[in-house]
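Trainee: Enclosed is the structure file query01.cif (mmCIF, C-alpha atoms).
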data_work
loop_
_atom_site.group_PDB
_atom_site.id
_atom_site.type_symbol
_atom_site.label_atom_id
_atom_site.label_comp_id
_atom_site.auth_asym_id
_atom_site.auth_seq_id
_atom_site.Cartn_x
_atom_site.Cartn_y
_atom_site.Cartn_z
ATOM 1 C CA MET A 1 134.644 89.594 -61.080
ATOM 2 C CA PRO A 2 137.790 91.514 -62.060
ATOM 3 C CA THR A 3 140.487 90.041 -64.291
ATOM 4 C CA ASP A 4 144.246 90.220 -63.922
ATOM 5 C CA THR A 5 144.527 92.738 -66.749
ATOM 6 C CA ALA A 6 142.209 95.036 -64.810
ATOM 7 C CA SER A 7 144.124 94.712 -61.557
ATOM 8 C CA MET A 8 146.956 97.104 -62.347
ATOM 9 C CA ILE A 9 145.819 100.057 -60.282
ATOM 10 C CA GLN A 10 148.948 102.046 -59.517
ATOM 11 C CA THR A 11 149.278 104.538 -56.697
ATOM 12 C CA ARG A 12 151.158 107.385 -58.348
ATOM 13 C CA ARG A 13 152.708 109.750 -55.805
ATOM 14 C CA MET A 14 151.970 113.093 -57.418
ATOM 15 C CA SER A 15 152.717 116.661 -56.410
ATOM 16 C CA PHE A 16 150.796 119.497 -58.090
ATOM 17 C CA GLU A 17 150.905 122.120 -55.347
ATOM 18 C CA GLN A 18 153.799 124.167 -56.701
ATOM 19 C CA SER A 19 152.464 124.177 -60.253
ATOM 20 C CA LEU A 20 149.086 125.521 -59.061
ATOM 21 C CA GLN A 21 150.436 128.601 -57.290
ATOM 22 C CA ASP A 22 149.908 130.858 -60.307
ATOM 23 C CA VAL A 23 146.318 129.805 -61.005
ATOM 24 C CA PRO A 24 144.219 133.001 -61.229
ATOM 25 C CA ARG A 25 140.760 133.465 -59.765
ATOM 26 C CA HIS A 26 138.911 132.996 -63.054
ATOM 27 C CA PHE A 27 140.959 130.177 -64.535
ATOM 28 C CA GLY A 28 138.263 128.864 -66.905
ATOM 29 C CA PRO A 29 138.559 129.274 -70.687
ATOM 30 C CA ASP A 30 138.929 132.980 -71.539
ATOM 31 C CA GLY A 31 138.418 133.710 -67.823
ATOM 32 C CA ASP A 32 134.989 132.068 -67.911
ATOM 33 C CA LEU A 33 133.012 132.706 -64.751
ATOM 34 C CA ILE A 34 130.733 129.715 -64.220
ATOM 35 C CA SER A 35 133.131 126.972 -65.340
ATOM 36 C CA SER A 36 135.719 128.339 -62.891
ATOM 37 C CA HIS A 37 133.215 128.101 -60.027
ATOM 38 C CA ILE A 38 132.008 124.621 -61.032
ATOM 39 C CA VAL A 39 135.556 123.240 -61.094
ATOM 40 C CA ALA A 40 136.401 124.977 -57.810
ATOM 41 C CA CYS A 41 133.325 123.579 -56.045
ATOM 42 C CA LEU A 42 133.954 120.067 -57.332
ATOM 43 C CA SER A 43 137.523 120.260 -56.076
ATOM 44 C CA ALA A 44 136.269 121.489 -52.692
ATOM 45 C CA VAL A 45 134.126 118.382 -52.121
ATOM 46 C CA PHE A 46 136.681 115.876 -53.428
ATOM 47 C CA PRO A 47 139.066 115.498 -50.453
ATOM 48 C CA ASP A 48 136.511 114.523 -47.823
ATOM 49 C CA GLY A 49 134.547 112.593 -50.421
ATOM 50 C CA GLU A 50 137.660 110.550 -51.203
ATOM 51 C CA ASP A 51 138.231 109.950 -47.483
ATOM 52 C CA PHE A 52 134.646 108.682 -47.158
ATOM 53 C CA PHE A 53 135.142 106.336 -50.124
ATOM 54 C CA VAL A 54 138.282 104.897 -48.548
ATOM 55 C CA ARG A 55 136.550 104.360 -45.190
ATOM 56 C CA SER A 56 133.553 102.710 -46.845
ATOM 57 C CA VAL A 57 135.651 100.230 -48.829
ATOM 58 C CA ARG A 58 138.209 99.604 -46.076
ATOM 59 C CA ARG A 59 135.489 98.398 -43.676
ATOM 60 C CA PHE A 60 134.959 95.397 -45.955
ATOM 61 C CA ARG A 61 138.574 94.784 -46.895
ATOM 62 C CA GLY A 62 138.718 91.687 -44.722
ATOM 63 C CA ASP A 63 135.690 90.219 -46.508
ATOM 64 C CA VAL A 64 137.394 90.330 -49.894
ATOM 65 C CA THR A 65 139.214 87.062 -50.570
ATOM 66 C CA GLU A 66 139.401 87.019 -54.391
ATOM 67 C CA PRO A 67 143.090 87.821 -55.108
ATOM 68 C CA VAL A 68 142.615 90.263 -58.002
ATOM 69 C CA LEU A 69 139.926 92.281 -56.258
ATOM 70 C CA LYS A 70 142.016 92.269 -53.091
ATOM 71 C CA ARG A 71 144.893 93.897 -55.018
ATOM 72 C CA GLN A 72 142.487 96.343 -56.611
ATOM 73 C CA VAL A 73 141.196 97.427 -53.208
ATOM 74 C CA GLY A 74 144.746 98.296 -52.171
ATOM 75 C CA GLY A 75 145.240 100.302 -55.357
ATOM 76 C CA PHE A 76 141.892 102.043 -54.912
ATOM 77 C CA ILE A 77 142.756 103.136 -51.368
ATOM 78 C CA GLY A 78 146.172 104.391 -52.432
ATOM 79 C CA GLN A 79 144.882 106.362 -55.413
ATOM 80 C CA GLU A 80 142.031 107.958 -53.496
ATOM 81 C CA ALA A 81 144.342 109.013 -50.663
ATOM 82 C CA VAL A 82 146.620 110.872 -53.108
ATOM 83 C CA HIS A 83 143.615 112.451 -54.846
ATOM 84 C CA GLY A 84 142.435 113.892 -51.553
ATOM 85 C CA ARG A 85 145.864 115.295 -50.706
ATOM 86 C CA GLU A 86 146.381 116.981 -54.070
ATOM 87 C CA HIS A 87 142.907 118.504 -54.188
ATOM 88 C CA ARG A 88 143.440 119.912 -50.703
ATOM 89 C CA ALA A 89 146.529 121.636 -52.077
ATOM 90 C CA PHE A 90 144.485 123.033 -54.980
ATOM 91 C CA ASN A 91 141.736 124.085 -52.578
ATOM 92 C CA ARG A 92 144.210 126.118 -50.560
ATOM 93 C CA ARG A 93 145.127 128.037 -53.688
ATOM 94 C CA LEU A 94 141.446 128.491 -54.560
ATOM 95 C CA SER A 95 140.781 129.830 -51.085
ATOM 96 C CA ASP A 96 143.652 132.300 -51.464
ATOM 97 C CA VAL A 97 142.059 133.754 -54.614
ATOM 98 C CA GLY A 98 138.591 134.053 -53.104
ATOM 99 C CA TYR A 99 136.668 130.775 -53.424
ATOM 100 C CA PRO A 100 134.773 129.394 -50.384
ATOM 101 C CA THR A 101 136.639 126.091 -50.513
ATOM 102 C CA ARG A 102 137.426 125.952 -46.790
ATOM 103 C CA PHE A 103 133.749 126.334 -45.905
ATOM 104 C CA LEU A 104 132.744 123.706 -48.477
ATOM 105 C CA GLU A 105 135.401 121.292 -47.215
ATOM 106 C CA ARG A 106 134.176 121.666 -43.613
ATOM 107 C CA PHE A 107 130.548 121.244 -44.663
ATOM 108 C CA THR A 108 131.344 118.122 -46.708
ATOM 109 C CA GLU A 109 133.372 116.638 -43.854
ATOM 110 C CA ARG A 110 130.519 117.118 -41.369
ATOM 111 C CA LEU A 111 127.872 115.819 -43.768
ATOM 112 C CA LEU A 112 129.819 112.646 -44.483
ATOM 113 C CA ALA A 113 130.603 112.162 -40.781
ATOM 114 C CA ILE A 114 126.841 112.122 -40.174
ATOM 115 C CA ALA A 115 126.421 109.578 -42.987
ATOM 116 C CA ASP A 116 129.057 107.386 -41.327
ATOM 117 C CA ARG A 117 127.151 107.517 -38.036
ATOM 118 C CA VAL A 118 123.585 106.977 -39.240
ATOM 119 C CA LEU A 119 123.929 104.709 -42.290
ATOM 120 C CA PRO A 120 124.725 100.996 -42.182
ATOM 121 C CA ALA A 121 128.191 100.169 -43.477
ATOM 122 C CA LYS A 122 126.756 98.487 -46.569
ATOM 123 C CA ALA A 123 124.698 101.584 -47.376
ATOM 124 C CA CYS A 124 127.853 103.728 -47.150
ATOM 125 C CA LEU A 125 129.453 101.327 -49.599
ATOM 126 C CA ALA A 126 126.432 101.708 -51.910
ATOM 127 C CA VAL A 127 126.851 105.504 -51.709
ATOM 128 C CA THR A 128 130.518 105.085 -52.623
ATOM 129 C CA ALA A 129 129.719 102.839 -55.600
ATOM 130 C CA ALA A 130 127.114 105.325 -56.858
ATOM 131 C CA LEU A 131 129.396 108.340 -56.529
ATOM 132 C CA GLU A 132 132.252 106.411 -58.123
ATOM 133 C CA HIS A 133 129.981 105.922 -61.141
ATOM 134 C CA TYR A 134 129.438 109.695 -61.288
ATOM 135 C CA THR A 135 133.129 110.494 -61.013
ATOM 136 C CA ALA A 136 134.174 107.827 -63.535
ATOM 137 C CA THR A 137 131.542 108.926 -66.046
ATOM 138 C CA LEU A 138 132.633 112.555 -65.768
ATOM 139 C CA ALA A 139 136.285 111.459 -65.852
ATOM 140 C CA GLU A 140 135.875 109.561 -69.108
ATOM 141 C CA GLN A 141 133.960 112.477 -70.599
ATOM 142 C CA LEU A 142 136.974 114.639 -69.780
ATOM 143 C CA LEU A 143 139.442 112.140 -71.232
ATOM 144 C CA ARG A 144 137.631 111.593 -74.516
ATOM 145 C CA ASP A 145 136.376 115.097 -75.293
ATOM 146 C CA GLU A 146 138.563 118.133 -76.001
ATOM 147 C CA GLU A 147 135.664 120.542 -75.460
ATOM 148 C CA THR A 148 135.210 119.195 -71.933
ATOM 149 C CA ARG A 149 138.944 119.468 -71.249
ATOM 150 C CA ALA A 150 138.806 123.084 -72.437
ATOM 151 C CA LEU A 151 136.397 123.871 -69.576
ATOM 152 C CA MET A 152 139.316 123.428 -67.167
ATOM 153 C CA GLY A 153 140.878 126.517 -68.735
ATOM 154 C CA HIS A 154 144.277 126.927 -67.074
ATOM 155 C CA GLN A 155 146.782 124.302 -68.203
ATOM 156 C CA LYS A 156 147.893 123.356 -64.684
ATOM 157 C CA VAL A 157 144.302 122.850 -63.540
ATOM 158 C CA ARG A 158 143.726 120.710 -66.603
ATOM 159 C CA GLU A 159 146.754 118.559 -65.735
ATOM 160 C CA LEU A 160 145.469 117.977 -62.194
ATOM 161 C CA PHE A 161 142.072 116.895 -63.453
ATOM 162 C CA LEU A 162 143.449 114.714 -66.257
ATOM 163 C CA TRP A 163 145.530 112.736 -63.756
ATOM 164 C CA HIS A 164 142.542 112.448 -61.432
ATOM 165 C CA ALA A 165 140.279 111.404 -64.327
ATOM 166 C CA LEU A 166 142.693 108.715 -65.503
ATOM 167 C CA GLU A 167 142.829 107.119 -62.075
ATOM 168 C CA GLU A 168 139.081 107.388 -61.463
ATOM 169 C CA SER A 169 138.527 105.383 -64.632
ATOM 170 C CA GLU A 170 141.257 102.901 -63.697
ATOM 171 C CA HIS A 171 139.541 101.998 -60.421
ATOM 172 C CA LYS A 172 135.899 102.568 -61.415
ATOM 173 C CA THR A 173 134.839 98.947 -60.808
ATOM 174 C CA VAL A 174 136.373 98.467 -57.356
ATOM 175 C CA ALA A 175 133.738 99.824 -54.963
ATOM 176 C CA PHE A 176 130.992 98.238 -57.079
ATOM 177 C CA ASP A 177 132.696 94.825 -57.030
ATOM 178 C CA VAL A 178 133.251 95.020 -53.272
ATOM 179 C CA TYR A 179 129.570 95.930 -52.818
ATOM 180 C CA ARG A 180 128.488 92.866 -54.775
ATOM 181 C CA THR A 181 131.047 90.650 -53.041
ATOM 182 C CA VAL A 182 129.642 91.458 -49.591
ATOM 183 C CA GLY A 183 126.040 90.867 -50.675
ATOM 184 C CA GLY A 184 124.818 94.349 -51.504
ATOM 185 C CA THR A 185 121.354 94.164 -53.054
ATOM 186 C CA GLU A 186 120.133 95.518 -56.382
ATOM 187 C CA ARG A 187 117.329 97.329 -54.606
ATOM 188 C CA MET A 188 119.652 99.213 -52.267
ATOM 189 C CA ARG A 189 122.001 99.990 -55.161
ATOM 190 C CA ARG A 190 119.243 101.666 -57.195
ATOM 191 C CA VAL A 191 117.570 103.439 -54.278
ATOM 192 C CA VAL A 192 120.882 104.903 -53.178
ATOM 193 C CA MET A 193 121.718 106.031 -56.720
ATOM 194 C CA ASN A 194 118.381 107.837 -57.049
ATOM 195 C CA ALA A 195 119.015 109.629 -53.765
ATOM 196 C CA ILE A 196 122.582 110.463 -54.823
ATOM 197 C CA THR A 197 121.350 111.881 -58.133
ATOM 198 C CA VAL A 198 119.189 114.400 -56.301
ATOM 199 C CA GLY A 199 121.668 115.087 -53.521
ATOM 200 C CA PHE A 200 124.867 115.314 -55.547
ATOM 201 C CA ILE A 201 123.546 117.417 -58.417
ATOM 202 C CA GLY A 202 121.477 119.579 -56.070
ATOM 203 C CA GLY A 203 124.319 119.987 -53.591
ATOM 204 C CA VAL A 204 126.927 120.909 -56.182
ATOM 205 C CA GLY A 205 124.448 123.261 -57.866
ATOM 206 C CA LEU A 206 123.780 125.018 -54.562
ATOM 207 C CA ALA A 207 127.501 125.255 -53.787
ATOM 208 C CA VAL A 208 128.190 126.811 -57.200
ATOM 209 C CA ALA A 209 125.346 129.294 -56.740
ATOM 210 C CA LEU A 210 126.648 130.351 -53.306
ATOM 211 C CA SER A 211 130.187 130.608 -54.645
ATOM 212 C CA LEU A 212 129.009 132.799 -57.530
ATOM 213 C CA LEU A 213 127.107 135.082 -55.152
ATOM 214 C CA GLY A 214 130.382 135.868 -53.416
ATOM 215 C CA ASP A 215 132.101 136.889 -56.660
ATOM 216 C CA ARG A 216 131.818 140.469 -57.899
ATOM 217 C CA ALA A 217 132.118 139.331 -61.500
ATOM 218 C CA THR A 218 128.748 137.566 -61.187
ATOM 219 C CA TYR A 219 127.040 140.943 -61.015
ATOM 220 C CA ASN A 220 128.312 141.927 -64.457
ATOM 221 C CA PRO A 221 125.200 141.058 -66.558
ATOM 222 C CA ARG A 222 127.064 140.674 -69.841
ATOM 223 C CA ARG A 223 129.769 138.448 -68.378
ATOM 224 C CA LEU A 224 127.213 136.278 -66.609
ATOM 225 C CA ALA A 225 125.103 135.916 -69.764
ATOM 226 C CA VAL A 226 128.109 134.887 -71.854
ATOM 227 C CA SER A 227 129.078 132.315 -69.241
ATOM 228 C CA LEU A 228 125.547 130.909 -69.016
ATOM 229 C CA ARG A 229 125.444 130.465 -72.796
ATOM 230 C CA ARG A 230 128.781 128.638 -72.695
ATOM 231 C CA LEU A 231 127.480 126.327 -69.960
ATOM 232 C CA TRP A 232 124.217 125.606 -71.814
ATOM 233 C CA ARG A 233 126.171 124.528 -74.910
ATOM 234 C CA SER A 234 128.673 122.519 -72.892
ATOM 235 C CA PRO A 235 128.935 118.717 -73.173
ATOM 236 C CA ILE A 236 128.682 118.435 -69.377
ATOM 237 C CA VAL A 237 124.939 119.193 -69.604
ATOM 238 C CA SER A 238 124.304 117.025 -72.675
ATOM 239 C CA ARG A 239 121.637 114.331 -72.896
ATOM 240 C CA GLU A 240 124.296 111.799 -73.849
ATOM 241 C CA LEU A 241 126.164 112.349 -70.591
ATOM 242 C CA TRP A 242 122.930 112.188 -68.616
ATOM 243 C CA ARG A 243 122.082 108.826 -70.236
ATOM 244 C CA GLU A 244 125.486 107.480 -69.253
ATOM 245 C CA LEU A 245 124.993 108.602 -65.671
ATOM 246 C CA ARG A 246 121.531 107.033 -65.486
ATOM 247 C CA SER A 247 122.715 103.743 -66.978
ATOM 248 C CA TYR A 248 123.660 102.764 -63.407
ATOM 249 C CA ASN A 249 119.995 101.926 -62.766
ATOM 250 C CA GLU A 250 119.815 99.361 -65.561
ATOM 251 C CA LEU A 251 119.333 95.724 -64.624
ATOM 252 C CA GLU A 252 122.656 93.872 -64.353
ATOM 253 C CA PHE A 253 124.652 97.077 -64.797
ATOM 254 C CA HIS A 254 128.393 96.871 -64.235
ATOM 255 C CA PRO A 255 130.906 99.761 -64.532
ATOM 256 C CA SER A 256 132.982 97.746 -67.010
ATOM 257 C CA ASP A 257 130.053 97.765 -69.464
ATOM 258 C CA ARG A 258 131.559 101.017 -70.751
ATOM 259 C CA ASP A 259 134.927 99.792 -71.992
ATOM 260 C CA ALA A 260 137.620 102.442 -71.566
ATOM 261 C CA THR A 261 140.661 100.225 -72.213
ATOM 262 C CA GLU A 262 141.934 102.090 -75.295
ATOM 263 C CA LEU A 263 141.142 105.470 -73.756
ATOM 264 C CA LEU A 264 143.190 104.627 -70.669
ATOM 265 C CA GLU A 265 146.096 103.273 -72.683
ATOM 266 C CA THR A 266 146.190 106.486 -74.703
ATOM 267 C CA TRP A 267 146.199 108.734 -71.628
ATOM 268 C CA ARG A 268 148.689 106.633 -69.644
ATOM 269 C CA GLU A 269 151.106 107.101 -72.513
ATOM 270 C CA GLU A 270 150.237 110.792 -72.878
ATOM 271 C CA LEU A 271 150.649 111.551 -69.176
ATOM 272 C CA PHE A 272 153.174 108.970 -67.944
ATOM 273 C CA GLY A 273 154.898 107.442 -70.975
ATOM 274 C CA ALA A 274 158.554 108.026 -71.819
ATOM 275 C CA ASP A 275 157.767 111.633 -72.739
ATOM 276 C CA GLY A 276 154.706 111.926 -70.493
ATOM 277 C CA ALA A 277 153.355 115.385 -69.735
ATOM 278 C CA LEU A 278 153.152 114.695 -65.985
ATOM 279 C CA ASN A 279 156.377 112.819 -65.344
ATOM 280 C CA ASP A 280 157.785 115.911 -63.628
ATOM 281 C CA ARG A 281 154.846 115.894 -61.169
ATOM 282 C CA MET A 282 155.377 112.280 -60.158
ATOM 283 C CA ALA A 283 157.337 111.608 -56.989
ATOM 284 C CA GLY A 284 156.948 107.854 -57.263
ATOM 285 C CA VAL A 285 154.662 104.906 -57.970
ATOM 286 C CA ALA A 286 153.627 102.303 -55.423
#
Any chance you could give the structure as structure tokens?
Mentor:
Amino acid sequence: MPTDTASMIQTRRMSFEQSLQDVPRHFGPDGDLISSHIVACLSAVFPDGEDFFVRSVRRFRGDVTEPVLKRQVGGFIGQEAVHGREHRAFNRRLSDVGYPTRFLERFTERLLAIADRVLPAKACLAVTAALEHYTATLAEQLLRDEETRALMGHQKVRELFLWHALEESEHKTVAFDVYRTVGGTERMRRVVMNAITVGFIGGVGLAVALSLLGDRATYNPRRLAVSLRRLWRSPIVSRELWRELRSYNELEFHPSDRDATELLETWREELFGADGALNDRMAGVA
């Protein structure tokens, strides 16, 4: 069960849209091809994914009586709502420079609407908990590793993802704790994660491939080869990261097993301290 020190999940009212207007098509490091498409496709699925997470947790809000978790649920909903809004703004810019973000947003929206209709509410919550583990694991990889941050390329894109990563780690236990609170089983938790592993990685991989096929630069053999080598050496395809992702299936797993307290303190100060890098993007905190 969460503690009071873990309950401080702030809803920061951010605005990145104006700062993203100069992002070029290939915004990855040195104009890298594949990393640009990976980041663009992830951003494309975030808004409707965040909406699904909020719906899944909100259905059980009335069943949560523990005061700390109750506050955390409110913070979770607020943070995810702002994430969706800001990634939609980024997706509009990505669409303007040639990425298929509008198509991917529509596809994600329809897919998750089907999930809402056909899956029991508790299964949707299990999906949310599993995907929150993916996003938090990737978020903490971004926060702790400069090489991973470099994959964002453009400084303004990096700032968007650093803010998002900080908040994903801040609320990484919430959906999981709600799932346990309402009686979600270990069996369902693991089965859903195994399905998510195939579906999420396969789906994002397919989206990136389709996005690349629509980009003329993909058909430059040298540029594609250089980008593939960069990806292969990247920490986002490392065995260490894979082990962290798969730790979700361990008996008695909990998201707080991976303590990120110091990491979060460092990045809160870096981004939102007295001289924080993102203070000028913040419209307010709820």
Trainee: Which range 31-132 of chain A residues have any atom within 8 Å of an atom of range 182-197 of chain A, and for each, what is the nearest pair of atoms with distance in Å to one decimal, counting all atoms listed in the file, rows sorted by chain and number, as CSV?
Mentor:
residue,atom,partner,partner_atom,distance
A:Phe60,CA,A:Val182,CA,7.6
A:Asp63,CA,A:Val182,CA,6.9
A:Val64,CA,A:Val182,CA,7.8
A:Lys122,CA,A:Gly184,CA,6.7
A:Ala123,CA,A:Met188,CA,7.4
A:Ala126,CA,A:Arg189,CA,5.8
A:Val127,CA,A:Val192,CA,6.2
A:Ala130,CA,A:Met193,CA,5.4
A:Leu131,CA,A:Ile196,CA,7.3
Trainee: With the file shown as input, list the residues that the PyMOL selection byres ((chain A and resi 74-87) around 8) selects, as a ChimeraX atom specification.
Mentor: /A:8-17,43-44,46-48,50-51,53-54,58,70-73,88-91,164,167,171,174
Trainee: Starting from the PyMOL selection byres ((chain A and resi 21-24) around 12), expand the selection into actual residues of this file and give them as a PyMOL selection string.
Mentor: chain A and resi 16-20+25-33+36+40+89-99+152-158+160
Trainee: Which polymer residues, whether protein, DNA or RNA, lie within 9 Å of the coordinate (132.4, 116.2, -73.3) when you count only C-alpha atoms? List them as a ChimeraX atom specification, using the chain letters and numbers from the file.
Mentor: /A:138,140-149,234-238,241
Trainee: Name the residues that the PyMOL selection byres ((chain A and resi 264) around 9) picks from the file above, as a VMD selection string, using the file's chain letters and numbers.
Mentor: chain A and resid 140 143 166 to 167 169 to 170 260 to 263 265 to 269
Trainee: Given all atoms listed in the file as the basis, pick out the residue of A:Leu228, A:Ala209, A:Ala121, A:Val178 nearest to Glu66 in chain A.
Mentor: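 Of A:Leu228, A:Ala209, A:Ala121, A:Val178, the one nearest Glu66 in chain A is A:Val178, counting all atoms listed in the file.
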Trainee: If you count all atoms listed in the file, which residues fall within 8 Å of Leu245 in chain A, apart from same-chain ones fewer than 6 positions away, as a ChimeraX atom specification?
Mentor: /A:133-134,137
Trainee: Once you have the residues from the selection above, write them out as a PDB file, in the coordinates of the input, restricted to C-alpha atoms.
Mentor:
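File produced: part_29.pdb:
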ATOM      1  CA  HIS A 133     129.981 105.922 -61.141  1.00  0.00           C
ATOM      2  CA  TYR A 134     129.438 109.695 -61.288  1.00  0.00           C
ATOM      3  CA  THR A 137     131.542 108.926 -66.046  1.00  0.00           C
TER       4      THR A 137
END
Trainee: Can you measure CA of Gly276 in chain A to CA of Ala165 in chain A for me? One decimal in Å is fine.
Mentor: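 Taking CA of Gly276 in chain A and CA of Ala165 in chain A, their separation equals 15.7 Å.
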Trainee: Which residues, protein or nucleic acid, reach to within 9 Å of (133.0, 126.7, -50.1) in the file's coordinates when using all atoms listed in the file, and can you give that as an MDAnalysis selection string?
Mentor: chainID A and resid 40:41 44:45 95 99:107 207:208 210:211
Trainee: Work out where the centre of an axis-aligned box around every listed atom of range 267-285 of chain A lies and how long its edges are once 4 Å is added on each side; give both in Å to one decimal as AutoDock Vina command-line options.
Mentor:
--center_x 152.4 --center_y 110.4 --center_z -64.9 --size_x 20.4 --size_y 19.0 --size_z 23.9
Trainee: Could you check how far CA of Ile34 in chain A sits from CA of Ser227 in chain A, in Å to one decimal?
Mentor: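 Between these atoms lies a distance of 5.9 Å.
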Trainee: May I ask for the distance between CA of Ala175 in chain A and CA of Ala129 in chain A, given in Å to one decimal place?
Mentor: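 Here the two named atoms are 5.1 Å from each other.
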